[in-house]
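Working notes, beginning with the structure itself.
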2 protein chains.
Amino acid sequence: MKKRPTLADIARAAGVSMMTVSRAINHKPGLSDELRQQILKIADEIGFQPNQVARGLATRQTFTIGLVVPDITLPFFSYIARGVEDVCYEYGYHVMLINTTEELERERAALNALMQQDIDGAILCSVRSPLEDLVPALQRFPAAVLFNRELKVPLSNVVTISVNDQRGAMLAVQHMLEQGRKRIAYLGGPSSSISHQRRLEGYKQALKNAGLAFDPQLVEQGSTADMAAGNMSALLERCPDLDGVFAFSDVSAVAGMQVCLDKCKTVPGDIAFIGTDDLPVASVVRPQLSTLRVNLLHIGRLSMRTLLDMIDGEAAAGSYQIEPELILRASS
Amino acid sequence: MKKRPTLADIARAAGVSMMTVSRAINHKPGLSDELRQQILKIADEIGFQPNQVARGLATRQTFTIGLVVPDITLPFFSYIARGVEDVCYEYGYHVMLINTTEELERERAALNALMQQDIDGAILCSVRSPLEDLVPALQRFPAAVLFNRELKVPLSNVVTISVNDQRGAMLAVQHMLEQGRKRIAYLGGPSSSISHQRRLEGYKQALKNAGLAFDPQLVEQGSTADMAAGNMSALLERCPDLDGVFAFSDVSAVAGMQVCLDKCKTVPGDIAFIGTDDLPVASVVRPQLSTLRVNLLHIGRLSMRTLLDMIDGEAAAGSYQIEPELILRASS
DNA sequence: TTGTATGCGTTATCAA
DNA sequence: TTGATAACGCATACAA
């Protein structure tokens with residue numbers, strides 16, 4: 001591996017100073033077009049690529065943002081990541097991706113690593129760290145977007161973006177209640193998930209609004225498809241009169257639905273199903289799955305654009321709330 | 001935002017030179033334990049975080065690797081990314097994630113961006129760029145792993161890791177042939193995909209081995225679930241005697257399977273289905289889907305560990321071949 | 001329009 | 001065991 005050419009190399013070859021080369025490369029004013037073309041030509045021939053690390057050190061701007069997610073294999077986060085990256089590409093930014101696997105220790109490490117990297121901003125998705133750790137960390141970033149996590153007191157350099165999970169759950173449960181169903185279960189996600197907790201609240205609220213009592217027997221939690229299937233079996237056994245299921249994700253919903261079909265229940269005749277996220281699988285299974293949709297790609301893009309606005313000093317801190325949309329298909 | 005403390009700040013506060021602080025921070029020999037503890041204590045109090053950009057410039061090592069994928073929303077790649085990131089976390093490395101959306105222009109931009117970032121290595125998944133562009137780019141990285149793409153001539157700094165897609169397809173098709181099926185379709189992926197092309201080869205090879213002629217009428221291609229469903233309808237209409245389907249992904253397989261079930265075909269009675277990737281959905285749908293499995297998390301980890309070995313100069317270039325495993329479930 | 005001096009925060013090198 | 005000085009590659013500020 002031979003050393004990469006530097007500004008100095010170009011300067012020597014072109015017989016000008018480094019600064020002139022720098023200006024030419026960065027398309028800054030202050031030299032004749034003729035000379036600029038000449039320099040660019042030489043740079044190209046020599047195969048010059050500006051060293052962004054050096055540039056970052058000099059300008060204190062790395063054009064890199066940190067993206068922290070619990071688990072990139074969850075479609076929910078991979079879609080957000082995609083949206084973020086798309087906008088980054090448009091604006092010449094780069095993404096440093098960190099998975100935390102919902103572990104506090106790894107979250108702490110992620111925040112620490114990002115501090116040291118001199119990133120221009122951070123997008124933190126569903127972080128769990130206690131506010132006493134999170135707030136000081138946030139304050140050290142030039143700008144940050146906090147997704148699905150609220151702050152007690154607003155910070156001047158952070159925007160919060162949240163999905164209204166509670167309302168989403170209410171919409172789903174209300175819909176089934178309006179169909180005359182009375183025994184609706186919540187096939188929940190991991191108990192530590194903030195979305196899970198919020199949806200549970202929405203579920204309870206919808207029941208309350210309809211004058212129905214909350215029955216803990218009708219709630220299960222679990223993260224994988226296998227667990228959802230097991231939970232569904234347990235629910236059916238405990239509550240044979242079950243007539244509706246709101247699920248934490250489309251995958252859980254499909255798993256649960258198949259368990260019911262296996263046991264000769266009809267969907268939606270005996271039991272209605274509503275999932276969450278509108279994953280590709282939702283419209284592929286039979287019956288096609290009703291679901292709560294939020295445009296995750298859009299959320300990713302919005303997050304990154306908001307971050308860019310803050311970096312450019314064009315936006316004040318604040319908060320967005322994304323409303324999920326109830327997509328009715330054949331399962332409810 | 002106040003300026004972050006630097007080595008100089010600590011040095012001043014501790015009444016020693018920057019170098020002594022540097023040595024203390026980096027746990028390098030050359031100073032008394034006593035003094036080291038003293039310095040670390042001050043650094044901690046002051047909230048010092050070493051600036052990795054400056055460190056990277058000085059040492060020419062950024063502890064960052066580039067990960068290029070076509071689309072992080074495809075489970076195939078998000079699982080690999082997760083495996084890569086897990087190993088990165090263990091070794092204190094960072095991941096710069098870039099999506100190329102299968103566009104050559106964006107691939108070129110990705111390679112360029114990574115060159116400029118002074119990364120320690122790169123993992124390139126399913127890149128399409130012609131070898132004449134790819135090879136010179138690869139040579140500029142200290143080390144690289146090339147996933148699902150072959151080189152004509154080996155490079156001393158790159159390891160190739162590939163899934164044996166051809167053999168996988170052969171296994172799947174052979175299995176159906178052994179069941180006595182004669183009209184097996186290939187519900188393919190995007191035609192530009194290298195995996196798609198390899199699997200098509202395997203499909204043809206299996207037919208040939210069985211003495212059957214290849215019938216282009218039995219092949220369709222498309223990337224989304226919707227397209228797969230449309231393609232399945234077309235196949236059924238063109239070839240009513242169809243009795244088996246090998247699909248490019250589990251999502252395509254499920255989509256195709258549901259189309260068949262909708263048209264009152266039985267699975268696997270009338271038509272057998274075998275998918276690819278063993279996604280969660282495969283074991284959740286009914287009938288449960290047979291599929292080709294490779295451990296993607298493992299591939300991600302293997303890629304990153306191999307890259308680390310090369311970075312540390314411990315491994316020579318070479319190539320790995322991953323064999324898919326045929327998982328038989330109810331659909332075949 | 002072009003060039004010079006200096007600094008960004010850290011580490012390598014060599015001297016004490 | 002410690003420290004002074006010079007890189008690393010680029011950009012800012014100021015001068016010519």
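Labeling convention for the structure tokens: chains A, B, ... as they appear, residues from 1 per chain, ligands from 1 in order of appearance.
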
Q) Using only C-alpha atoms, which chain A residues lie at most 8 Å away from chain B, written as an NGL selection string? A) :A and (1 or 49-54 or 56-57 or 71-73 or 75 or 78-79 or 81-82 or 85-86 or 94-99 or 115-118 or 139-140 or 142 or 225 or 251 or 254-255 or 258 or 280-281 or 284-286)

(Q) Could you work out which residues of chain B fall inside 8 Å of chain D? Count only C-alpha atoms (C1' of nucleotides), and format the result as an MDAnalysis selection string. (A) chainID B and resid 17 19:20 30:32 57:60

Keeping only N, CA and C atoms, write those residues as an mmCIF file, in the first residue's frame.
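Listing of out_35.cif after writing:
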```cif
data_model
loop_
_atom_site.group_PDB
_atom_site.id
_atom_site.type_symbol
_atom_site.label_atom_id
_atom_site.label_comp_id
_atom_site.auth_asym_id
_atom_site.auth_seq_id
_atom_site.Cartn_x
_atom_site.Cartn_y
_atom_site.Cartn_z
ATOM 1 N N SER B 17 3.319 16.982 31.152
ATOM 2 C CA SER B 17 3.281 17.242 29.713
ATOM 3 C C SER B 17 2.162 16.434 29.053
ATOM 4 N N MET B 19 2.366 14.445 26.626
ATOM 5 C CA MET B 19 2.774 13.074 26.346
ATOM 6 C C MET B 19 2.532 12.164 27.540
ATOM 7 N N THR B 20 2.785 12.682 28.702
ATOM 8 C CA THR B 20 2.563 11.875 29.896
ATOM 9 C C THR B 20 1.083 11.546 30.038
ATOM 10 N N GLY B 30 5.702 3.574 30.854
ATOM 11 C CA GLY B 30 6.556 4.752 30.831
ATOM 12 C C GLY B 30 6.189 5.798 31.853
ATOM 13 N N LEU B 31 5.418 5.404 32.847
ATOM 14 C CA LEU B 31 5.200 6.346 33.956
ATOM 15 C C LEU B 31 4.741 5.554 35.175
ATOM 16 N N SER B 32 4.939 6.140 36.320
ATOM 17 C CA SER B 32 4.616 5.426 37.555
ATOM 18 C C SER B 32 3.115 5.224 37.678
ATOM 19 N N LEU B 57 -5.965 10.771 12.710
ATOM 20 C CA LEU B 57 -5.038 11.481 11.823
ATOM 21 C C LEU B 57 -3.596 11.166 12.195
ATOM 22 N N ALA B 58 -3.346 11.117 13.478
ATOM 23 C CA ALA B 58 -1.975 10.892 13.938
ATOM 24 C C ALA B 58 -1.524 9.452 13.715
ATOM 25 N N THR B 59 -2.417 8.514 13.932
ATOM 26 C CA THR B 59 -2.005 7.104 13.860
ATOM 27 C C THR B 59 -2.343 6.430 12.549
ATOM 28 N N ARG B 60 -3.145 7.082 11.739
ATOM 29 C CA ARG B 60 -3.605 6.488 10.487
ATOM 30 C C ARG B 60 -4.433 5.237 10.739
#
```

Within 10 Å of chain A: each chain C residue with its shortest pair, only C-alpha atoms (C1' of nucleotides), as a Markdown table:
```
| residue | atom | partner | partner_atom | distance |
| --- | --- | --- | --- | --- |
| C:DT1 | C1' | A:Leu31 | CA | 5.3 |
| C:DT2 | C1' | A:Thr20 | CA | 7.0 |
| C:DG3 | C1' | A:Ser17 | CA | 6.5 |
| C:DT4 | C1' | A:Ser17 | CA | 9.5 |
| C:DG7 | C1' | A:Ala58 | CA | 8.0 |
| C:DC8 | C1' | A:Ala58 | CA | 4.7 |
| C:DG9 | C1' | A:Leu57 | CA | 7.7 |
```

Q: Can you pull out every residue within 12 Å of B:Leu302, counting only C-alpha atoms (C1' of nucleotides), but drop anything in the same chain fewer than 5 positions away, and send it as JSON, numbers by chain?
A: {"B": [80, 81, 82, 83, 84, 85, 86, 87, 88, 123, 145, 146, 147, 159, 160, 161, 162, 295, 296, 297, 307, 308, 309, 319, 320, 321, 322]}

Q: Considering only C-alpha atoms (C1' of nucleotides), return as JSON, numbers by chain whatever protein or nucleic-acid residues lie within 7 Å of stretch 324-327 of chain B, sequence-local ones (same chain, fewer than 4 positions apart) excluded.
A: {"B": [164, 168, 171, 172, 290, 291, 292, 293, 294]}

Q: Work out how far atom CA of A:Leu7 is from atom CA of B:Leu111, in Å to one decimal.
A: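 These atoms are spaced 20.5 Å apart.
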
(Q) Please return, as number ranges by chain, all residues of stretch 90-308 of chain A that DSSP assigns to alpha helix (DSSP H) on the basis of the backbone. (A) A: 90-91, 104-116, 131-139, 165-178, 194-209, 225-238, 250-262, 296-308

**Q.** Within 8 Å of B:Ile194 using only C-alpha atoms (C1' of nucleotides), minus same-chain residues under 3 positions, as a PyMOL selection string
**A.** chain B and resi 126+148-149+191+197-198

Q | Distance criterion (only C-alpha atoms): nearest to A:Arg329 out of A:Arg23, A:Leu289, A:Met304, A:Ala316 | A | A:Leu289

(Q) If I take atom CA of A:Pro216 and atom CA of A:Ala234, how far is one from the other in Å, to one decimal? (A)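 Value for the atom CA of A:Pro216-atom CA of A:Ala234 distance: 13.0 Å.
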
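Of the residues in stretch 242-288 of chain B, those given strand (DSSP E) by DSSP on the backbone are Gly244, Val245, Phe246, Ala247, Ala272, Phe273, Ile274, Gly275 and Thr276 of chain B.
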
Using only C-alpha atoms, please write the residues we just selected to a file, as a PDB file, in the first residue's frame.
```pdb
ATOM      1  CA  GLY B 244     -43.216 -27.184  -7.917  1.00  0.00           C
ATOM      2  CA  VAL B 245     -41.802 -23.719  -7.244  1.00  0.00           C
ATOM      3  CA  PHE B 246     -38.363 -22.687  -6.131  1.00  0.00           C
ATOM      4  CA  ALA B 247     -38.467 -19.063  -4.988  1.00  0.00           C
ATOM      5  CA  ALA B 272     -44.548 -27.812  -3.718  1.00  0.00           C
ATOM      6  CA  PHE B 273     -42.791 -24.649  -2.545  1.00  0.00           C
ATOM      7  CA  ILE B 274     -39.249 -24.016  -1.408  1.00  0.00           C
ATOM      8  CA  GLY B 275     -38.055 -20.557  -0.429  1.00  0.00           C
ATOM      9  CA  THR B 276     -34.753 -19.045   0.557  1.00  0.00           C
TER      10      THR B 276
END
```

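In this structure, atom CA of B:Gln37 sits 17.3 Å away from atom CA of B:Ala8.
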